[in-house]
Structures are given as structure tokens and as C-alpha cells.
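K.L.:
This is the content of start.cif (mmCIF, C-alpha atoms):
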```
data_structure
loop_
_atom_site.label_atom_id
_atom_site.label_comp_id
_atom_site.auth_asym_id
_atom_site.auth_seq_id
_atom_site.Cartn_x
_atom_site.Cartn_y
_atom_site.Cartn_z
CA MET A 18 99.81 106.35 104.30
CA THR A 19 98.27 109.62 103.21
CA ASP A 20 99.25 109.78 99.54
CA ARG A 21 96.97 108.35 96.89
CA LEU A 22 98.15 105.17 95.24
CA THR A 23 99.49 105.81 91.77
CA ALA A 24 98.25 103.91 88.75
CA GLN A 25 101.65 102.17 88.68
CA GLN A 26 101.36 101.07 92.31
CA LEU A 27 97.90 99.64 91.64
CA ALA A 28 99.22 97.89 88.53
CA ASP A 29 102.11 96.41 90.55
CA ILE A 30 99.71 95.10 93.20
CA GLU A 31 97.49 93.64 90.50
CA THR A 32 100.49 91.97 88.83
CA ARG A 33 101.49 90.30 92.12
CA THR A 34 97.87 89.28 92.72
CA ASN A 35 97.53 87.76 89.25
CA ALA A 36 100.84 85.91 89.63
CA ALA A 37 99.73 84.23 92.88
CA THR A 38 98.10 80.81 92.82
CA ASP A 39 94.40 81.04 92.00
CA GLY A 40 92.05 81.06 94.94
CA PRO A 41 90.17 80.67 97.01
CA TRP A 42 92.64 79.66 99.66
CA GLY A 43 91.70 77.92 102.87
CA THR A 44 93.28 76.89 106.16
CA TYR A 45 93.41 73.64 108.04
CA GLU A 46 95.04 72.62 111.31
CA PHE A 47 97.09 69.49 111.86
CA GLY A 48 99.99 68.20 113.90
CA GLY A 49 98.09 68.20 117.15
CA ASP A 50 97.11 71.85 116.81
CA THR A 51 100.67 73.02 116.27
CA LEU A 52 100.57 73.67 112.51
CA ILE A 53 98.21 75.45 110.18
CA GLU A 54 98.52 75.06 106.46
CA ILE A 55 97.18 77.50 103.91
CA ALA A 56 96.28 75.82 100.66
CA ALA A 57 94.65 76.65 97.35
CA GLY A 58 91.54 74.76 96.35
CA LEU A 59 91.20 73.21 99.78
CA GLU A 60 88.48 70.58 100.12
CA GLU A 61 87.50 68.49 103.09
CA THR A 62 87.20 64.88 101.94
CA GLY A 63 85.58 63.43 105.06
CA THR A 64 88.79 61.66 105.99
CA GLY A 65 91.10 64.63 105.68
CA TYR A 66 91.82 67.42 103.24
CA ARG A 67 92.76 67.64 99.61
CA ALA A 68 94.27 70.75 98.06
CA ARG A 69 95.47 71.89 94.68
CA ARG A 70 98.60 73.50 96.13
CA GLU A 71 100.10 74.24 99.53
CA ILE A 72 100.72 77.96 99.90
CA CYS A 73 102.41 78.12 103.31
CA ARG A 74 102.58 76.59 106.75
CA LEU A 75 102.40 78.45 110.05
CA GLU A 76 103.64 76.99 113.31
CA ASP A 77 102.77 77.91 116.86
CA GLU A 78 106.45 78.30 117.70
CA PRO A 79 106.84 82.06 118.14
CA MET A 80 110.01 83.73 116.94
CA ASP A 81 109.66 86.60 119.36
CA ASN A 82 113.05 88.14 119.94
CA ASP A 83 111.74 91.55 120.88
CA PRO A 84 112.50 92.10 124.57
CA THR A 85 109.53 94.47 124.91
CA HIS A 86 107.11 91.81 123.66
CA THR A 87 104.67 90.64 126.27
CA GLU A 88 104.76 86.90 126.67
CA TRP A 89 101.70 85.15 125.39
CA THR A 90 100.32 81.97 126.78
CA GLY A 91 100.40 78.94 124.49
CA GLU A 92 96.69 79.37 123.87
CA GLU A 93 97.05 83.08 123.00
CA ASP A 94 99.94 82.29 120.68
CA TRP A 95 97.94 79.60 118.88
CA GLU A 96 94.98 82.00 118.54
CA GLN A 97 97.32 84.53 116.93
CA VAL A 98 98.67 81.89 114.52
CA GLN A 99 95.07 81.05 113.57
CA ALA A 100 94.22 84.73 113.04
CA ASP A 101 97.35 85.26 110.92
CA ALA A 102 96.55 82.19 108.81
CA GLU A 103 92.99 83.40 108.19
CA PHE A 104 94.32 86.81 107.17
CA VAL A 105 96.81 85.34 104.69
CA ALA A 106 94.29 82.87 103.27
CA HIS A 107 91.67 85.57 102.72
CA ALA A 108 94.17 87.96 101.12
CA ARG A 109 93.91 85.95 97.88
CA THR A 110 90.26 86.89 97.48
CA ASP A 111 90.26 90.16 99.44
CA VAL A 112 93.01 91.90 97.44
CA PRO A 113 91.26 91.68 94.04
CA VAL A 114 88.04 93.00 95.63
CA LEU A 115 89.93 95.87 97.24
CA LEU A 116 91.71 96.72 93.97
CA ALA A 117 88.39 96.87 92.15
CA GLU A 118 86.91 99.08 94.87
CA ILE A 119 89.92 101.43 94.78
CA ARG A 120 89.56 101.78 91.03
CA ARG A 121 85.81 102.37 91.30
CA LEU A 122 86.25 105.03 93.96
CA ASP A 123 89.15 106.64 92.11
CA ALA A 124 87.00 106.95 88.98
CA ARG A 125 84.20 108.47 91.05
CA VAL A 126 86.58 110.99 92.64
CA ARG A 127 87.84 112.00 89.19
CA GLU A 128 84.23 112.36 88.02
CA LEU A 129 83.36 114.57 90.98
CA GLU A 130 86.54 116.64 90.67
CA ARG A 131 86.12 117.17 86.91
CA PRO A 132 83.90 120.29 87.04
CA ALA A 133 86.31 122.03 89.43
CA VAL A 134 89.30 121.04 87.28
CA GLU A 135 87.62 122.35 84.13
CA ALA A 136 86.63 125.59 85.88
CA LYS A 137 90.24 126.15 86.99
CA ARG A 138 91.50 125.40 83.48
CA ALA A 139 89.02 127.93 82.07
CA GLU A 140 90.37 130.55 84.50
CA ILE A 141 93.92 129.80 83.38
CA ARG A 142 92.93 130.00 79.71
CA GLN A 143 91.28 133.36 80.38
CA SER A 144 94.44 134.63 82.12
CA PHE A 145 96.55 133.61 79.13
CA ALA A 146 94.10 135.34 76.76
CA GLU A 147 94.26 138.54 78.84
CA LEU A 148 98.07 138.42 78.89
CA ALA A 149 98.22 137.94 75.11
CA ALA A 150 95.74 140.80 74.59
CA ALA A 151 97.75 143.09 76.88
CA ALA A 152 100.94 142.22 74.97
CA ARG A 153 99.28 142.99 71.62
CA GLU A 154 97.87 146.24 73.04
CA ILE A 155 101.39 147.50 73.71
CA ARG A 156 102.54 146.09 70.35
CA ASP A 157 104.60 143.34 71.97
CA TYR A 158 103.70 140.79 69.31
CA GLU A 159 106.60 138.53 70.25
CA GLY A 160 105.32 138.45 73.85
CA ALA A 161 101.80 137.68 72.64
CA VAL A 162 103.10 134.74 70.59
CA GLU A 163 105.12 133.53 73.60
CA VAL A 164 101.97 133.57 75.77
CA GLN A 165 100.08 131.60 73.11
CA CYS A 166 102.91 129.02 72.94
CA ARG A 167 102.87 128.64 76.71
CA LEU A 168 99.10 128.10 76.64
CA GLN A 169 99.55 125.40 73.99
CA ASP A 170 102.17 123.74 76.20
CA ARG A 171 99.76 123.85 79.13
CA GLU A 172 96.94 122.36 77.01
CA GLU A 173 99.23 119.49 75.95
CA GLN A 174 100.23 118.93 79.58
CA TRP A 175 96.54 118.71 80.55
CA LYS A 176 95.90 116.17 77.79
CA ARG A 177 98.76 114.00 79.11
CA GLU A 178 97.45 114.32 82.67
CA ASP A 179 93.93 113.37 81.57
CA ALA A 180 95.24 110.37 79.63
CA ALA A 181 97.33 109.19 82.58
CA ALA A 182 94.38 109.52 84.94
CA SER A 183 92.10 107.35 82.82
#
```
Please go through the file and, once you have read it, give me the structure as C-alpha cells.

P.N.:
Amino acid sequence: MTDRLTAQQLADIETRTNAATDGPWGTYEFGGDTLIEIAAGLEETGTGYRARREICRLEDEPMDNDPTHTEWTGEEDWEQVQADAEFVAHARTDVPVLLAEIRRLDARVRELERPAVEAKRAEIRQSFAELAAAAREIRDYEGAVEVQCRLQDREEQWKREDAAAS
């Protein structure tokens, strides 16, 4: 992915994150090391586990139907199930942190880009002023007004862009 996330994409991710069961989530193994459950509010009680809500269950039974897939040993498959479970369980707390970091960095990028953006806008304003002056010089008052209207349109577009970016 090379494109920047849009504000809408970030909002959609945040909506899904906020709709998920509150964290943190944890993992525990049972069933003779054949199942891993991911649960919210997981606590070890000393005699087992207690959780607020089961999120999902992963089994060591692979559903590999890709003929190019290299066969794993039972141990390797179980290690992969464990790694996948840890990834899913940590997503509940990792995603909000990542969203906050994306927003922080995005704001910093906008801050650093601002002087260059304003300099470019000043150049464009100057070009419009020169065009309007040239039109007035040859007594093309209608053309001068048209240039001024186009500059106003551009200024309004910039205001909308600035509002959308913040």
C-alpha cells in the first residue's frame, strides 16, 4: 500500500475498533494443546480461567488446501496457531495505538508541509494578480473579472481542503 489513508478510512477503522469488545484480550490453551481461545478480560483463577467474553477459538487442524503449501509438522502447525492467536488477541490493543500514531504523524506531516503549501499558494495568487493586471492593461475588464472570480474559486477550494485535512 503506497497511498496515504484517507480520513474516512481511518474513521472506518476506528469505528470497527470501537465496536469490538473492550480489551485487553488474552489467549489460553486447552483441549490437550489442540485449541486456543481468545477472550476479553481473561483472568487466571488458579484453577482455570475466567473471561468476560469469548472472542474466538483457533484449532490446530489446518485447512490447507493450497497444493503449493509446504507441509508443516504438527509442532510447527501448533506454533503457527499460537502465533496467530497472539496476533489476533493483541490487535484489540495494538490497533487503537496505531490509529493514534497515524493521526499524530499525519498532523506532523501537515505541519511540516504547511510552509511549502503556503508558498505555492502565494505563487498562484501572484500569477492570478499578474493575469488580472495584464487583462486590465489591454482594457479586457471582463477577462480581469474572470481571473478574479477564478482566484476566489481557488481560495474557496483551499479552505475546503484545509478543513478536510484537519

K.L.:
Hey, which of A:Glu54, A:Leu59, A:Ile72, A:Ala182 ends up closest to A:Arg125? Count all atoms listed in the file.

P.N.:
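Nearest to A:Arg125: A:Ala182.
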
K.L.:
Using the chain letters and numbers from the file, which residues does the PyMOL selection byres ((chain A and resi 109) around 7) grab, as a ChimeraX atom specification?

P.N.:
/A:40-42,106-108,110-112

K.L.:
Using only C-alpha atoms, please write the residues we just selected to a file, as a compact mmCIF listing (two decimals), keeping the file's coordinate frame.

P.N.:
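Final output, saved to out-v6.txt:
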```txt
# COMPACT_ATOMS: atom_id res chain seq x y z
CA GLY A 40 92.05 81.06 94.94
CA PRO A 41 90.17 80.67 97.01
CA TRP A 42 92.64 79.66 99.66
CA ALA A 106 94.29 82.87 103.27
CA HIS A 107 91.67 85.57 102.72
CA ALA A 108 94.17 87.96 101.12
CA THR A 110 90.26 86.89 97.48
CA ASP A 111 90.26 90.16 99.44
CA VAL A 112 93.01 91.90 97.44
```

K.L.:
List, as a list in words, every residue that the PyMOL selection byres ((chain A and resi 19-23) around 12) selects in the file provided.

P.N.:
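For this structure, the PyMOL selection byres ((chain A and resi 19-23) around 12) resolves to Met18, Ala24, Gln25, Gln26, Leu27, Ala28, Asp29, Ile30, Leu116, Ile119, Arg120, Leu122, Asp123, Val126, Ala181, Ala182 and Ser183 of chain A.
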
K.L.:
May I ask for the distance between atom CA of A:Leu75 and atom CA of A:Ile53, given in Å to one decimal place?

P.N.:
5.2 Å

K.L.:
Find, counting all atoms listed in the file, the residue in A:Leu115, A:Val134, A:Ala146, A:Gln99 that gets nearest to A:Val162.

P.N.:
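Among the listed residues, A:Ala146 lies closest to A:Val162.
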
K.L.:
Running the PyMOL selection byres ((chain A and resi 167) around 12) on this model by hand, what would come out? Give it as a list in words.

P.N.:
Ile141, Arg142, Ser144, Phe145, Ala146, Leu148, Ala149, Gly160, Ala161, Val162, Glu163, Val164, Gln165, Cys166, Leu168, Gln169, Asp170, Arg171, Glu172, Glu173 and Gln174 of chain A
